[in-house]
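Below: one structure, written as structure tokens.
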Amino acid sequence: MYISKIKISNYRNFKNEVVEFTPGLNVLIGHNNAGKTNLIKALQLVFDREHREKLTIDDLNKEYQDFSKPPRIDISVLISEHEDKKDDKNVIYDWIISEAPQYEAQLTYTFYLPNKHWDEYKEYTNEFKDKKGEYNKEECLKVIEKKFLKKYVSKIFGGDPNKEEKADSENLDRFDFQFLDAIRDAEKQMFFGNRTLLREVLNYFLDYNITQGKDYEELDKKQLKELKEKEIEFSEKSKTLLKHLIGRVSKDKMLEYSEETGADKGGKPDFDAEISEQEILFALRLIVDKSGIKYPIKINGLGYNNLLFIALILSKMQMECSGFMGDNAKVFPILAIEEPEAHLHPSMQHKFLQFLDKNLNTKKQARQVFITSHSTHITSAVDLNSIICLYEDLNGILRIGYPGKTFSNDKEDQESKVYVKRFLDATKSNMLFADRIVFVEGLAEQILLPCLAKYIAKEEELLNKHVSIISVDSRTFKHFLKIFSYNEKDNIYAINKKIVCITDADPSKKEKEPEGENKKRWKKCYPFELGQDIENYEYISLASHATNLIEYYKSFKNIKIQIPPEGRGKTFEYELALNNPSNENIITECFPSTGKNRINFFKELMKAYNEGKTLKELQALSHHDRIKHAIDKCDWVEEHKKKALIAAIYYQAVENIKGVHAFYLEKQLRDNFGKMDVEKDFIIPPYIKEAINFITD
């Protein structure tokens, strides 16, 4: 069995939400205050009888409106049959709500005001109701806290909650819920207190080579004999040691005042030379052995101590599920860890997740694990099906997204899923944490977009609205977008965040071939070359991947595809020059000092354009024959041709140095922005400007 679903009503930030889980590992991600910890706490209220906290007024959802009846908290957990076929149905048998095709059981934690107090409640709260019948929420909450919260009761019902049949404590105790919160003191919880974690685990593993974790009643005669011999051996050796130690103490001198004070009237004080195995276990302390030098555990790093703490917790879970506990053995151990990345560097985070996954599939100290995290390294290390994303949608409403469930079982979707998982590294997995996302197809756009946003006073909004700029290959946009293709009918599991894709137009041409043959490849061309030789070439003004994206996502409100103007545009670099044909700030030191793409040539070309020179005069400065010839054949007006000439030559110059050029260009544009007295006009390509405005509005 496994916990397959939880429905939370009126608890903290959960108004009325349902969250689905997977068997094994569940990783809860989301922005701060999204409710990750609250979700774990909700599970704890159902399954952790030992550490269940008394709820306060702040545990009620503050958006509660209908105070005509006392607010209540309901947390229902669905427990479903699993393919592991473990024989634990008897534990939840009385809670089963359906049998076919697989059994499902339900537990419901409820926190409510008993009916006998309702009249009194209404008498108080009616004072805060206006003529329209609306309640003053703040005043109602105050009176609930002051007068009624102490009268609230909590119960756990098994099966259909409407029947209000209380779940028996014996079976509830068969669930083991271990929760490691984010602000944990690993050293204190391991070593200090009356019931230290280390002491419990040591007691279980004492003579484990003989008992194998079994209760004494399960051992055979040979094993019992071995244990008895061990106990006798310990008793004899400990007595010898303690007698030797007592002999070194001047007992009479130390206790001489007992007679004078009259303390000996209650019995003559002495020292006992016997000690139990459990008492000596309590004296043991973990140490760290580094190259033969022993150090106390307290000087160990916080990260390693946290890992050690988790290791001991798993050992404890193993103990509590074993025959060692007799009839009190747990059946379903649950491990919940808040922010395991605390104090762990990225490689350790990855290793820890691999360990947990292996433990779930092999040793199974925990049957189900719940993790909250802000770490992109952790999300990149787990399967997509394990990730649960808590986020606010476009309307600010709490939603739950399931990246792994957004892919259907058909071949195309499964190929996309494999691709996304493969490339969802620590950088790209940031898309799951961001509130809004810009997908770009190159390093240049990723580097320059924040700077360009600065020129239209939007850079700060990119930060404030938690916009992440992710660079992926343009032809793979479709794979990543599936995660965000939210549709109330077809894809409710998708994440309904604002997304914009910026991609190139990439016009192309291909030689015509005899019918039935398809050997020729599409080759990139300039927009002014389109349609110039239709007898020998086929042309497309927009790359097929861009056409498909535009068509498919035209009905999605949260996704926008931005491209350069079809038939006039080409790439990001081309558009920068096309819109800034006389701005020398787009020329960087990456340009060679000699050759036809030299820096001085571009400066001369831009200067000539700025001075209003004709197309022929601009062409006379250039040695780019293919570009000049194609522009001559183009039927555009001269002004467009002049801009296209500069843009095409600029694109050719940076085509093979886009990344390095972008670094230098970003610096130059920022420096130019800061020097307001000499700032030159700089025009953001319209499609880039629209993308920035869409993602920040």
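Scheme for the structure tokens: letters A, B, ... for chains in order shown; per-chain residue numbers from 1; ligand numbers from 1 in order shown.
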Per residue of region 559-634 of chain A within 12 Å of region 466-477 of chain A, what are the shortest atom pair and its distance in Å to one decimal, counting only C-alpha atoms, with rows by chain and residue number, as JSON lines?
```
{"residue": "A:Ile559", "atom": "CA", "partner": "A:Phe477", "partner_atom": "CA", "distance": 11.7}
{"residue": "A:Ile561", "atom": "CA", "partner": "A:Phe477", "partner_atom": "CA", "distance": 10.3}
{"residue": "A:Gln562", "atom": "CA", "partner": "A:Ser474", "partner_atom": "CA", "distance": 11.9}
{"residue": "A:Ile563", "atom": "CA", "partner": "A:Ser474", "partner_atom": "CA", "distance": 11.4}
{"residue": "A:Thr571", "atom": "CA", "partner": "A:Ser474", "partner_atom": "CA", "distance": 11.8}
```
Those same residues, written as a PDB file, in the first residue's frame with all heavy atoms?
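Result written to result-v7.pdb:
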```
ATOM      1  N   ILE A 559       0.968  30.944 -22.532  1.00  0.00           N
ATOM      2  CA  ILE A 559       2.158  30.725 -23.358  1.00  0.00           C
ATOM      3  C   ILE A 559       2.118  31.617 -24.589  1.00  0.00           C
ATOM      4  O   ILE A 559       1.119  31.660 -25.305  1.00  0.00           O
ATOM      5  CB  ILE A 559       2.268  29.247 -23.775  1.00  0.00           C
ATOM      6  CG1 ILE A 559       2.424  28.357 -22.537  1.00  0.00           C
ATOM      7  CG2 ILE A 559       3.453  29.031 -24.718  1.00  0.00           C
ATOM      8  CD1 ILE A 559       2.421  26.876 -22.836  1.00  0.00           C
ATOM      9  N   ILE A 561       4.496  32.825 -28.083  1.00  0.00           N
ATOM     10  CA  ILE A 561       5.644  32.569 -28.954  1.00  0.00           C
ATOM     11  C   ILE A 561       6.024  33.870 -29.646  1.00  0.00           C
ATOM     12  O   ILE A 561       5.184  34.489 -30.309  1.00  0.00           O
ATOM     13  CB  ILE A 561       5.330  31.488 -30.014  1.00  0.00           C
ATOM     14  CG1 ILE A 561       4.659  30.264 -29.364  1.00  0.00           C
ATOM     15  CG2 ILE A 561       6.600  31.110 -30.763  1.00  0.00           C
ATOM     16  CD1 ILE A 561       5.492  29.562 -28.326  1.00  0.00           C
ATOM     17  N   GLN A 562       7.257  34.302 -29.493  1.00  0.00           N
ATOM     18  CA  GLN A 562       7.727  35.555 -30.087  1.00  0.00           C
ATOM     19  C   GLN A 562       8.827  35.273 -31.111  1.00  0.00           C
ATOM     20  O   GLN A 562       9.828  34.630 -30.783  1.00  0.00           O
ATOM     21  CB  GLN A 562       8.253  36.492 -29.009  1.00  0.00           C
ATOM     22  CG  GLN A 562       7.199  37.113 -28.126  1.00  0.00           C
ATOM     23  CD  GLN A 562       6.261  38.041 -28.858  1.00  0.00           C
ATOM     24  OE1 GLN A 562       5.058  37.945 -28.721  1.00  0.00           O
ATOM     25  NE2 GLN A 562       6.806  38.951 -29.658  1.00  0.00           N
ATOM     26  N   ILE A 563       8.620  35.771 -32.339  1.00  0.00           N
ATOM     27  CA  ILE A 563       9.607  35.609 -33.410  1.00  0.00           C
ATOM     28  C   ILE A 563       9.816  36.940 -34.107  1.00  0.00           C
ATOM     29  O   ILE A 563       8.965  37.832 -34.025  1.00  0.00           O
ATOM     30  CB  ILE A 563       9.143  34.556 -34.438  1.00  0.00           C
ATOM     31  CG1 ILE A 563       7.811  34.999 -35.054  1.00  0.00           C
ATOM     32  CG2 ILE A 563       9.022  33.177 -33.813  1.00  0.00           C
ATOM     33  CD1 ILE A 563       7.412  34.204 -36.269  1.00  0.00           C
ATOM     34  N   THR A 571      17.372  36.377 -37.343  1.00  0.00           N
ATOM     35  CA  THR A 571      17.829  35.928 -36.029  1.00  0.00           C
ATOM     36  C   THR A 571      17.914  37.107 -35.063  1.00  0.00           C
ATOM     37  O   THR A 571      17.744  38.265 -35.449  1.00  0.00           O
ATOM     38  CB  THR A 571      19.216  35.277 -36.112  1.00  0.00           C
ATOM     39  OG1 THR A 571      20.179  36.297 -36.417  1.00  0.00           O
ATOM     40  CG2 THR A 571      19.263  34.185 -37.169  1.00  0.00           C
TER      41      THR A 571
END
```
The distance between CA of Thr110 (chain A) and CA of Glu50 (chain A) is 17.0 Å
Just the residues within 8 Å of Arg521 (chain A), please, counting only C-alpha atoms, with nothing from its chain fewer than 2 positions along; format it as a PyMOL selection string.
-> chain A and resi 510-511+519+523
Selected residues written out with N, CA and C atoms, as a PDB file, in the first residue's frame:
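After the write, again12.pdb holds the following:
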```
ATOM      1  N   LYS A 510      15.627  25.721 -50.470  1.00  0.00           N
ATOM      2  CA  LYS A 510      16.079  24.385 -50.842  1.00  0.00           C
ATOM      3  C   LYS A 510      15.918  24.208 -52.350  1.00  0.00           C
ATOM      4  N   GLU A 511      16.927  23.585 -52.960  1.00  0.00           N
ATOM      5  CA  GLU A 511      16.850  23.337 -54.400  1.00  0.00           C
ATOM      6  C   GLU A 511      15.679  22.417 -54.704  1.00  0.00           C
ATOM      7  N   LYS A 519      16.369  14.596 -51.435  1.00  0.00           N
ATOM      8  CA  LYS A 519      17.769  14.470 -51.023  1.00  0.00           C
ATOM      9  C   LYS A 519      18.367  15.812 -50.603  1.00  0.00           C
ATOM     10  N   LYS A 523      18.587  25.126 -46.504  1.00  0.00           N
ATOM     11  CA  LYS A 523      19.718  25.951 -46.102  1.00  0.00           C
ATOM     12  C   LYS A 523      19.222  27.332 -45.704  1.00  0.00           C
TER      13      LYS A 523
END
```
DSSP on the backbone: what in region 417-517 of chain A comes out alpha helix (DSSP H), as an MDAnalysis selection string?
-> chainID A and resid 417:423 443:454 459:464 477:481
With the cut-off set at 12 Å and counting only C-alpha atoms, tabulate each residue of region 143-232 of chain A with an atom at most that distance from an atom of region 357-379 of chain A, showing the nearest atom pair and its distance in Å to one decimal, ordered by chain and increasing number, as a tab-separated table.
```
residue	atom	partner	partner_atom	distance
A:Phe175	CA	A:Arg367	CA	10.3
A:Asp176	CA	A:Ala366	CA	9.0
A:Phe177	CA	A:Ala366	CA	9.4
A:Gln178	CA	A:Ala366	CA	9.4
A:Phe179	CA	A:Phe370	CA	9.2
A:Leu180	CA	A:Ile371	CA	9.6
A:Asp181	CA	A:Thr372	CA	9.6
A:Ala182	CA	A:Thr372	CA	9.2
```
Which residues come within 12 Å of region 661-669 of chain A, counting only C-alpha atoms, excluding same-chain residues fewer than 4 positions away, as a PyMOL selection string?
-> chain A and resi 442-455+572-573+576+583-592+650-651+653-657+673-676+679-684
Which one is closest to Asp252 (chain A): A:Glu515, A:Asp270, A:Asp289, A:Glu20? Count only C-alpha atoms.
->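 Distance minimum relative to Asp252 (chain A) lands on A:Asp270.
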Which value, in Å to one decimal, gives the distance between CA of Ser541 (chain A) and CA of Gly567 (chain A)?
->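 Computing the Euclidean distance for CA of Ser541 (chain A) and CA of Gly567 (chain A) yields 5.2 Å.
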Quick one: residues within 10 Å of Lys69 (chain A), only C-alpha atoms counted, chain neighbours fewer than 2 positions away excluded, as a list in words?
->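 Listed by chain and then number, they are Asp66, Phe67, Pro71, Arg72, Leu113, Asn115, Trp118, Asp119, Tyr121, Lys122 and Thr125 of chain A.
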Return as CSV the residues of region 44-65 of chain A lying at most 12 Å from region 164-168 of chain A, together with the closest atom-to-atom pair for each and the distance in Å to one decimal, counting only C-alpha atoms, with rows in chain order and ascending residue number.
```
residue,atom,partner,partner_atom,distance
A:Val46,CA,A:Ala167,CA,10.7
A:Phe47,CA,A:Ala167,CA,11.5
A:Arg49,CA,A:Asp168,CA,11.9
```
Ser9 (chain A) environment, 8 Å, only C-alpha atoms, sequence neighbours closer than 4 positions dropped, as a ChimeraX atom specification = /A:14-17,73-75
